[in-house]
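Contents: one structure, followed by commentary.
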There are 2 protein chains.
Amino acid sequence: MVTIRDVAKESGFSSTTVSIVLNNAPLSRYIPAVTKKRIERAAQKLGYRPNQFARSLRSKRSHTVGVMVFDMTDPFCTLILRGIENTLYQSNYLPMLTDVHNEGSRFERYLEMLLDRRIEGLIVIANWLFLDINLLADLEKSSIPIAMIGCELKNDTMSSVIVDNEVGGQLALEHLYSLGHRKIAFIRGPKGLTDSSPRWRGIRNLAKQSGMELDARLILDLPESRDPLSSFESGCKLTEELIRQKRSFTALLAFDDMSAFGAIRALNKAGIAVPEQCSVIGFDDVATSAIYTPSLTTVRQPMESMGASAVGIVVDGINAVLEKRDILATHKKVAPELVIRDSTRNLT
Amino acid sequence: MVTIRDVAKESGFSSTTVSIVLNNAPLSRYIPAVTKKRIERAAQKLGYRPNQFARSLRSKRSHTVGVMVFDMTDPFCTLILRGIENTLYQSNYLPMLTDVHNEGSRFERYLEMLLDRRIEGLIVIANWLFLDINLLADLEKSSIPIAMIGCELKNDTMSSVIVDNEVGGQLALEHLYSLGHRKIAFIRGPKGLTDSSPRWRGIRNLAKQSGMELDARLILDLPESRDPLSSFESGCKLTEELIRQKRSFTALLAFDDMSAFGAIRALNKAGIAVPEQCSVIGFDDVATSAIYTPSLTTVRQPMESMGASAVGIVVDGINAVLEKRDILATHKKVAPELVIRDSTRNLT
DNA sequence: ACGATATTCTGAAACACTTCAGTTCTTCGG
DNA sequence: CCGAAGAACTGAAGTGTTTCAGAATATCGT
């Protein structure tokens, strides 16, 4: 391994100077171009690569950000991860990826591992979160900038990036309403998820506002489950039940895309064509939605940019820490977007 | 920050002894239980956490493995990542995740970053790979254990884990054949992918073996594209073309699940019911397959266990390096599995 | 009683870097 | 011509570990 001392020897300068030049430190302003050239050439020639361990030990920086996912298999994560990765890349950080599997013990263990490695910031994708919220309190102690995606803690110490669920719910219902649907079935999110209630609130508000009344017998709830894919099954079961009870409805508004797929499956099995006989709308716009048959009308969460925002917040936080400014938590609420595809249609 | 010296002071022993005890080093065999207890208690009391930078600097180990994905958005990746993450967790390594976006420049930059951080091993998910293979040669120089998933280089220096594509292709055709299908359309993979040709070979072999003859007019090729999701579009287009030409076929065997979804979409649009009028089979068994309508019959790649295998190989390699044994590359070919769902049906 | 071996513990070096605190030599305004 | 400021460079300390090479004491077989 070639060290900075080797470069010093080769170039004929001290390792101090080499360090200053190669890092473009403030002092390098006094170093003439000739010297710089000579040092750079020596480094080049020897193929010098600074030892990050030594560098980190000395400078107390890791240039690493922790990314904690509560469940990788949730398709919701993929694009968020892409956004995170891409933005970190631009800022010259590298992510350490951890997947908590929605288990408390894993959460604690991983948190410890990440802090041990002195991550400079942490991004938590807490979409499908069924852990004791108290666990999250562990995070606060850590004194590094933290951004949560998909779960807002009205906390001062942790930032958050969430979609505006209320507006999203509104958009969804508005769409169905504008297509003429009045008999609408609803699959609500499980109580345990923070998304569930604001999304429903948006729906209820719009209903009230437009004088629509919601039929309680058409309102179903997804059961709690640690597994994000389970909402497909549940959506399917609930819809089957609805059909078996011969409830009549011309549209169905699902909590998320997964449950919407479940609903479509159930309708299909019962011989009810989507969208001809029943419109279905989801929420999230996961990758599958665009390729489903029929393609799914849904309310998109701008996942890639949410990931990017989270990184932005964390990187700002890191810089603040470096400059000893203290900065308070940001709470970003991004606008959802209605994506109209083939699963919804005018009531004829 | 509390250091080992603080623990030494607190416990009344030297930092050498503390280090030996806390690491359970060989020499600790001579240290009496009382001493150990006292040191552990002191460490506990002070909340001592060893500084990983210093530790790594000294021991030249990072306990980190690089994971390089060629395109995160490929749904094929998700479960592999889960398998990797889970196995690394058990072995006490942490992954650094990088996404190459199928770009040469990113590949090189990330490789450099990872090596700078002294990753101890590297796992490459090279599923949808459209890079100059020569780039991969860069990997060989690195002298750390490397495992590629989804792309076999008959190389001695890099290990690989791939599915047995030939058997997979065979399984798929066999299934359709056993259902009575004889007029079968095929969507082959793009020439640029290493999976394409063995998969097709399996199909051709089985066809020959069972005296089936393949109609060249029913054989289509996916175009090259950097984007793994494009095979949905392409599958759709190709199938539409087939339908427009009024080719008659009772089943379609797609290169992968994405193109199968595209085919289903096209068939559906043309009013051809799947599976009633046409069976469709895919390859991979991505998460979407199980929740599609109809659910997709496909040839599963055991992705989670492929990820786990890759980690196993790399960790073995790391241990080999540590013990100065040298170990040669492993090339693992795992068996695919036919998953029968609703998109295929007996020819009536 | 004595050399050999085992037990218990430690000082100091090494890991590769950054940076503080200078040193030496110019330059330059007055 | 002198003191101050600027330019160019460097020695050495410090970052927190691990581990080599012993030191000091105890145990034991003969």
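Just so we're on the same page: first chain in the structure tokens is A, next is B, and so on; residues restart at 1 for each chain, and ligands are numbered from 1 in the order they show up.
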Using DSSP on the backbone coordinates, identify the residues of stretch 162-209 of chain B assigned to helix (DSSP H, G or I); present them as a list in words.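 Assigned to helix (DSSP H, G or I), within stretch 162-209 of chain B: Asn165, Glu166, Val167, Gly168, Gly169, Gln170, Leu171, Ala172, Leu173, Glu174, His175, Leu176, Tyr177, Ser178, Ser196, Ser197, Pro198, Arg199, Trp200, Arg201, Gly202, Ile203, Arg204, Asn205, Leu206, Ala207, Lys208 and Gln209 of chain B.
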Please dump the current selection as a CSV table (one decimal), in the first residue's frame; keep C-alpha atoms.
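Dumped to out31.csv:
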chain,number,residue,atom,x,y,z
B,165,ASN,CA,-31.3,-20.9,-17.7
B,166,GLU,CA,-31.2,-24.0,-19.9
B,167,VAL,CA,-33.2,-26.0,-17.5
B,168,GLY,CA,-35.5,-23.1,-16.9
B,169,GLY,CA,-36.3,-22.7,-20.6
B,170,GLN,CA,-37.0,-26.4,-20.7
B,171,LEU,CA,-39.3,-26.3,-17.7
B,172,ALA,CA,-41.3,-23.5,-19.3
B,173,LEU,CA,-41.8,-25.2,-22.6
B,174,GLU,CA,-42.4,-28.5,-21.0
B,175,HIS,CA,-45.2,-27.0,-19.0
B,176,LEU,CA,-46.9,-25.6,-22.1
B,177,TYR,CA,-46.4,-28.8,-24.0
B,178,SER,CA,-47.9,-30.9,-21.2
B,196,SER,CA,-30.9,-15.0,-23.5
B,197,SER,CA,-29.1,-17.7,-25.4
B,198,PRO,CA,-29.0,-20.5,-22.8
B,199,ARG,CA,-32.7,-20.0,-22.0
B,200,TRP,CA,-33.4,-20.3,-25.7
B,201,ARG,CA,-31.1,-23.3,-26.0
B,202,GLY,CA,-33.1,-25.1,-23.3
B,203,ILE,CA,-36.3,-24.4,-25.3
B,204,ARG,CA,-34.9,-25.6,-28.6
B,205,ASN,CA,-33.5,-28.7,-27.0
B,206,LEU,CA,-36.7,-29.7,-25.5
B,207,ALA,CA,-38.6,-29.0,-28.7
B,208,LYS,CA,-36.3,-31.2,-30.6
B,209,GLN,CA,-36.4,-33.9,-28.0
Please identify all polymer residues within 6 Å of stretch 291-294 of chain B, counting only C-alpha atoms (C1' of nucleotides), omitting same-chain residues fewer than 4 positions from it, and present them as a PyMOL selection string. (chain A and resi 265) or (chain B and resi 342-343)
Would you return as a ChimeraX atom specification the members of stretch 47-261 of chain B that DSSP assigns to strand (DSSP E or B) on this structure's backbone? /B:64-69,94-99,121-125,146-149,159-163,184-188,219-221,251-253
Could you take the residues named above and write them with C-alpha atoms, as a PDB file, in the first residue's frame?
ATOM      1  CA  THR B  64     -18.008  -3.966   5.005  1.00  0.00           C
ATOM      2  CA  VAL B  65     -19.033  -5.547   1.735  1.00  0.00           C
ATOM      3  CA  GLY B  66     -19.786  -3.612  -1.411  1.00  0.00           C
ATOM      4  CA  VAL B  67     -22.983  -4.331  -3.284  1.00  0.00           C
ATOM      5  CA  MET B  68     -23.171  -3.105  -6.819  1.00  0.00           C
ATOM      6  CA  VAL B  69     -26.456  -3.214  -8.659  1.00  0.00           C
ATOM      7  CA  LEU B  94     -22.673  -4.174   6.592  1.00  0.00           C
ATOM      8  CA  PRO B  95     -23.349  -3.524   2.899  1.00  0.00           C
ATOM      9  CA  MET B  96     -22.538  -0.383   0.980  1.00  0.00           C
ATOM     10  CA  LEU B  97     -25.115  -0.163  -1.750  1.00  0.00           C
ATOM     11  CA  THR B  98     -24.327   1.341  -5.115  1.00  0.00           C
ATOM     12  CA  ASP B  99     -26.473   1.541  -8.213  1.00  0.00           C
ATOM     13  CA  GLY B 121     -15.698  -8.273  -0.647  1.00  0.00           C
ATOM     14  CA  LEU B 122     -17.917  -7.289  -3.515  1.00  0.00           C
ATOM     15  CA  ILE B 123     -21.222  -8.579  -4.785  1.00  0.00           C
ATOM     16  CA  VAL B 124     -22.367  -7.529  -8.217  1.00  0.00           C
ATOM     17  CA  ILE B 125     -25.954  -7.950  -9.343  1.00  0.00           C
ATOM     18  CA  ILE B 146     -16.085 -10.998  -5.830  1.00  0.00           C
ATOM     19  CA  ALA B 147     -19.338 -12.736  -6.621  1.00  0.00           C
ATOM     20  CA  MET B 148     -21.486 -11.892  -9.611  1.00  0.00           C
ATOM     21  CA  ILE B 149     -25.165 -12.714  -9.549  1.00  0.00           C
ATOM     22  CA  SER B 159     -17.248 -16.263  -8.552  1.00  0.00           C
ATOM     23  CA  SER B 160     -20.728 -16.354  -9.943  1.00  0.00           C
ATOM     24  CA  VAL B 161     -24.220 -17.412  -8.996  1.00  0.00           C
ATOM     25  CA  ILE B 162     -26.667 -17.912 -11.797  1.00  0.00           C
ATOM     26  CA  VAL B 163     -29.841 -19.798 -12.384  1.00  0.00           C
ATOM     27  CA  ILE B 184     -46.535 -21.444 -29.259  1.00  0.00           C
ATOM     28  CA  ALA B 185     -45.197 -17.945 -29.705  1.00  0.00           C
ATOM     29  CA  PHE B 186     -41.833 -17.062 -28.230  1.00  0.00           C
ATOM     30  CA  ILE B 187     -40.396 -13.790 -27.067  1.00  0.00           C
ATOM     31  CA  ARG B 188     -36.678 -14.235 -26.786  1.00  0.00           C
ATOM     32  CA  ILE B 219     -40.352 -16.243 -32.697  1.00  0.00           C
ATOM     33  CA  LEU B 220     -39.673 -12.655 -31.730  1.00  0.00           C
ATOM     34  CA  ASP B 221     -36.746 -10.895 -30.138  1.00  0.00           C
ATOM     35  CA  ALA B 251     -49.642 -20.024 -25.852  1.00  0.00           C
ATOM     36  CA  LEU B 252     -46.837 -17.551 -25.462  1.00  0.00           C
ATOM     37  CA  LEU B 253     -43.532 -18.130 -23.738  1.00  0.00           C
TER      38      LEU B 253
END
Give me, as a ChimeraX atom specification, the contact residues of chain B against chain A at a cut-off of 9 Å, counting only C-alpha atoms. /B:49-58,60,62,72-73,75,78-79,81-82,85-86,89,94-99,110,113-114,116-118,232-233,258,261-262,264-265,268,287-288,291-295
If you count only C-alpha atoms (C1' of nucleotides), which residues fall within 12 Å of D:DA24, apart from same-chain ones fewer than 3 positions away, as a list of chain:residue names?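 Once the adjacent positions are removed, what remains is C:DT7, C:DT8, C:DC9, C:DT10.
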Export of the given selection (C-alpha atoms (C1' of nucleotides)) as a PDB file, in the first residue's frame:
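Produced file part_26.pdb, reproduced below:
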ATOM      1  C1'  DT C   7      -0.074 -16.808  34.292  1.00  0.00           C
ATOM      2  C1'  DT C   8      -1.139 -11.927  34.524  1.00  0.00           C
ATOM      3  C1'  DC C   9      -0.328  -7.691  32.994  1.00  0.00           C
ATOM      4  C1'  DT C  10       1.902  -3.558  30.499  1.00  0.00           C
TER       5       DT C  10
END
Within 12 Å of chain C, which residues belong to chain B? Use only C-alpha atoms (C1' of nucleotides) and report them as an mmCIF file with N, CA and C atoms, in the first residue's frame.
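That gives us out-v1.cif:
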data_model
loop_
_atom_site.group_PDB
_atom_site.id
_atom_site.type_symbol
_atom_site.label_atom_id
_atom_site.label_comp_id
_atom_site.auth_asym_id
_atom_site.auth_seq_id
_atom_site.Cartn_x
_atom_site.Cartn_y
_atom_site.Cartn_z
ATOM 1 N N ALA B 8 -9.628 1.822 30.632
ATOM 2 C CA ALA B 8 -8.439 1.350 31.341
ATOM 3 C C ALA B 8 -8.336 2.046 32.695
ATOM 4 N N GLY B 12 -8.764 0.207 36.172
ATOM 5 C CA GLY B 12 -7.500 0.034 36.849
ATOM 6 C C GLY B 12 -6.523 -0.875 36.126
ATOM 7 N N PHE B 13 -6.814 -1.203 34.871
ATOM 8 C CA PHE B 13 -5.862 -2.010 34.107
ATOM 9 C C PHE B 13 -5.345 -1.212 32.922
ATOM 10 N N SER B 14 -4.406 -1.776 32.230
ATOM 11 C CA SER B 14 -3.867 -1.066 31.067
ATOM 12 C C SER B 14 -4.804 -1.232 29.885
ATOM 13 N N SER B 15 -4.636 -0.342 28.915
ATOM 14 C CA SER B 15 -5.509 -0.420 27.749
ATOM 15 C C SER B 15 -5.227 -1.694 26.959
ATOM 16 N N THR B 16 -4.017 -2.176 27.030
ATOM 17 C CA THR B 16 -3.712 -3.457 26.389
ATOM 18 C C THR B 16 -4.647 -4.541 26.910
ATOM 19 N N THR B 17 -4.691 -4.660 28.224
ATOM 20 C CA THR B 17 -5.530 -5.681 28.824
ATOM 21 C C THR B 17 -6.993 -5.477 28.456
ATOM 22 N N VAL B 18 -7.412 -4.238 28.505
ATOM 23 C CA VAL B 18 -8.800 -3.949 28.154
ATOM 24 C C VAL B 18 -9.090 -4.426 26.739
ATOM 25 N N SER B 19 -8.198 -4.094 25.833
ATOM 26 C CA SER B 19 -8.388 -4.499 24.450
ATOM 27 C C SER B 19 -8.490 -6.012 24.340
ATOM 28 N N ILE B 20 -7.566 -6.686 25.015
ATOM 29 C CA ILE B 20 -7.553 -8.149 24.956
ATOM 30 C C ILE B 20 -8.861 -8.728 25.476
ATOM 31 N N VAL B 21 -9.291 -8.224 26.589
ATOM 32 C CA VAL B 21 -10.514 -8.752 27.192
ATOM 33 C C VAL B 21 -11.728 -8.470 26.304
ATOM 34 N N LEU B 27 -5.034 -14.177 23.816
ATOM 35 C CA LEU B 27 -4.350 -14.006 25.094
ATOM 36 C C LEU B 27 -5.295 -13.935 26.286
ATOM 37 N N SER B 28 -6.550 -13.664 26.026
ATOM 38 C CA SER B 28 -7.489 -13.482 27.130
ATOM 39 C C SER B 28 -7.682 -14.783 27.900
ATOM 40 N N ARG B 29 -7.192 -15.846 27.341
ATOM 41 C CA ARG B 29 -7.271 -17.147 28.022
ATOM 42 C C ARG B 29 -6.532 -17.105 29.360
ATOM 43 N N TYR B 30 -5.547 -16.209 29.453
ATOM 44 C CA TYR B 30 -4.763 -16.123 30.685
ATOM 45 C C TYR B 30 -5.339 -15.148 31.694
ATOM 46 N N ILE B 31 -6.374 -14.453 31.264
ATOM 47 C CA ILE B 31 -6.885 -13.408 32.153
ATOM 48 C C ILE B 31 -8.010 -13.950 33.025
ATOM 49 N N PRO B 32 -7.842 -13.796 34.313
ATOM 50 C CA PRO B 32 -8.814 -14.368 35.253
ATOM 51 C C PRO B 32 -10.182 -13.692 35.134
ATOM 52 N N ALA B 33 -11.169 -14.449 35.489
ATOM 53 C CA ALA B 33 -12.548 -14.010 35.338
ATOM 54 C C ALA B 33 -12.820 -12.698 36.071
ATOM 55 N N VAL B 34 -12.201 -12.547 37.226
ATOM 56 C CA VAL B 34 -12.428 -11.337 38.019
ATOM 57 C C VAL B 34 -12.043 -10.097 37.222
ATOM 58 N N THR B 35 -10.879 -10.173 36.640
ATOM 59 C CA THR B 35 -10.393 -9.052 35.843
ATOM 60 C C THR B 35 -11.354 -8.758 34.704
ATOM 61 N N LYS B 36 -11.734 -9.815 34.019
ATOM 62 C CA LYS B 36 -12.650 -9.643 32.895
ATOM 63 C C LYS B 36 -13.914 -8.936 33.353
ATOM 64 N N PHE B 53 -12.966 3.429 13.241
ATOM 65 C CA PHE B 53 -11.923 3.952 12.349
ATOM 66 C C PHE B 53 -10.555 3.477 12.832
ATOM 67 N N ALA B 54 -10.317 3.700 14.108
ATOM 68 C CA ALA B 54 -9.034 3.311 14.681
ATOM 69 C C ALA B 54 -8.841 1.804 14.554
ATOM 70 N N ARG B 55 -9.898 1.097 14.845
ATOM 71 C CA ARG B 55 -9.834 -0.343 14.783
ATOM 72 C C ARG B 55 -9.487 -0.805 13.368
ATOM 73 N N SER B 56 -10.190 -0.208 12.400
ATOM 74 C CA SER B 56 -9.965 -0.594 11.013
ATOM 75 C C SER B 56 -8.557 -0.207 10.565
ATOM 76 N N LEU B 57 -8.149 0.951 10.987
ATOM 77 C CA LEU B 57 -6.816 1.425 10.603
ATOM 78 C C LEU B 57 -5.779 0.410 11.056
ATOM 79 N N ARG B 58 -5.956 -0.022 12.264
ATOM 80 C CA ARG B 58 -4.988 -0.939 12.842
ATOM 81 C C ARG B 58 -5.116 -2.342 12.244
ATOM 82 N N SER B 59 -6.314 -2.824 12.183
ATOM 83 C CA SER B 59 -6.493 -4.229 11.815
ATOM 84 C C SER B 59 -6.663 -4.425 10.315
ATOM 85 N N LYS B 60 -6.785 -3.327 9.603
ATOM 86 C CA LYS B 60 -6.954 -3.404 8.149
ATOM 87 C C LYS B 60 -8.231 -4.137 7.728
ATOM 88 N N ARG B 61 -9.217 -4.083 8.595
ATOM 89 C CA ARG B 61 -10.488 -4.707 8.232
ATOM 90 C C ARG B 61 -11.619 -3.690 8.322
#
Distance atom CA of A:Pro302-atom CA of A:Asp285, one decimal place?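 One can read the atom CA of A:Pro302 to atom CA of A:Asp285 distance as 8.6 Å.
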For chain A, work out the contacting residues on chain D at 10 Å, counting only C-alpha atoms (C1' of nucleotides), and write them as a PyMOL selection string. chain D and resi 6-11+14-16
In Å to one decimal, how far is atom CA of B:Ala254 from atom CA of B:Pro190? 11.7 Å
Under the rule that only C-alpha atoms are counted, which of A:Val7, A:Ile80, A:Ala273, A:Cys151 is the nearest residue to A:Lys332?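 Between A:Val7, A:Ile80, A:Ala273, A:Cys151, the residue approaching A:Lys332 most closely is A:Cys151.
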When you draw a straight line from atom CA of A:Gly312 to atom CA of A:Asp326, how long is it in Å?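 These two atoms are separated by 16.0 Å.
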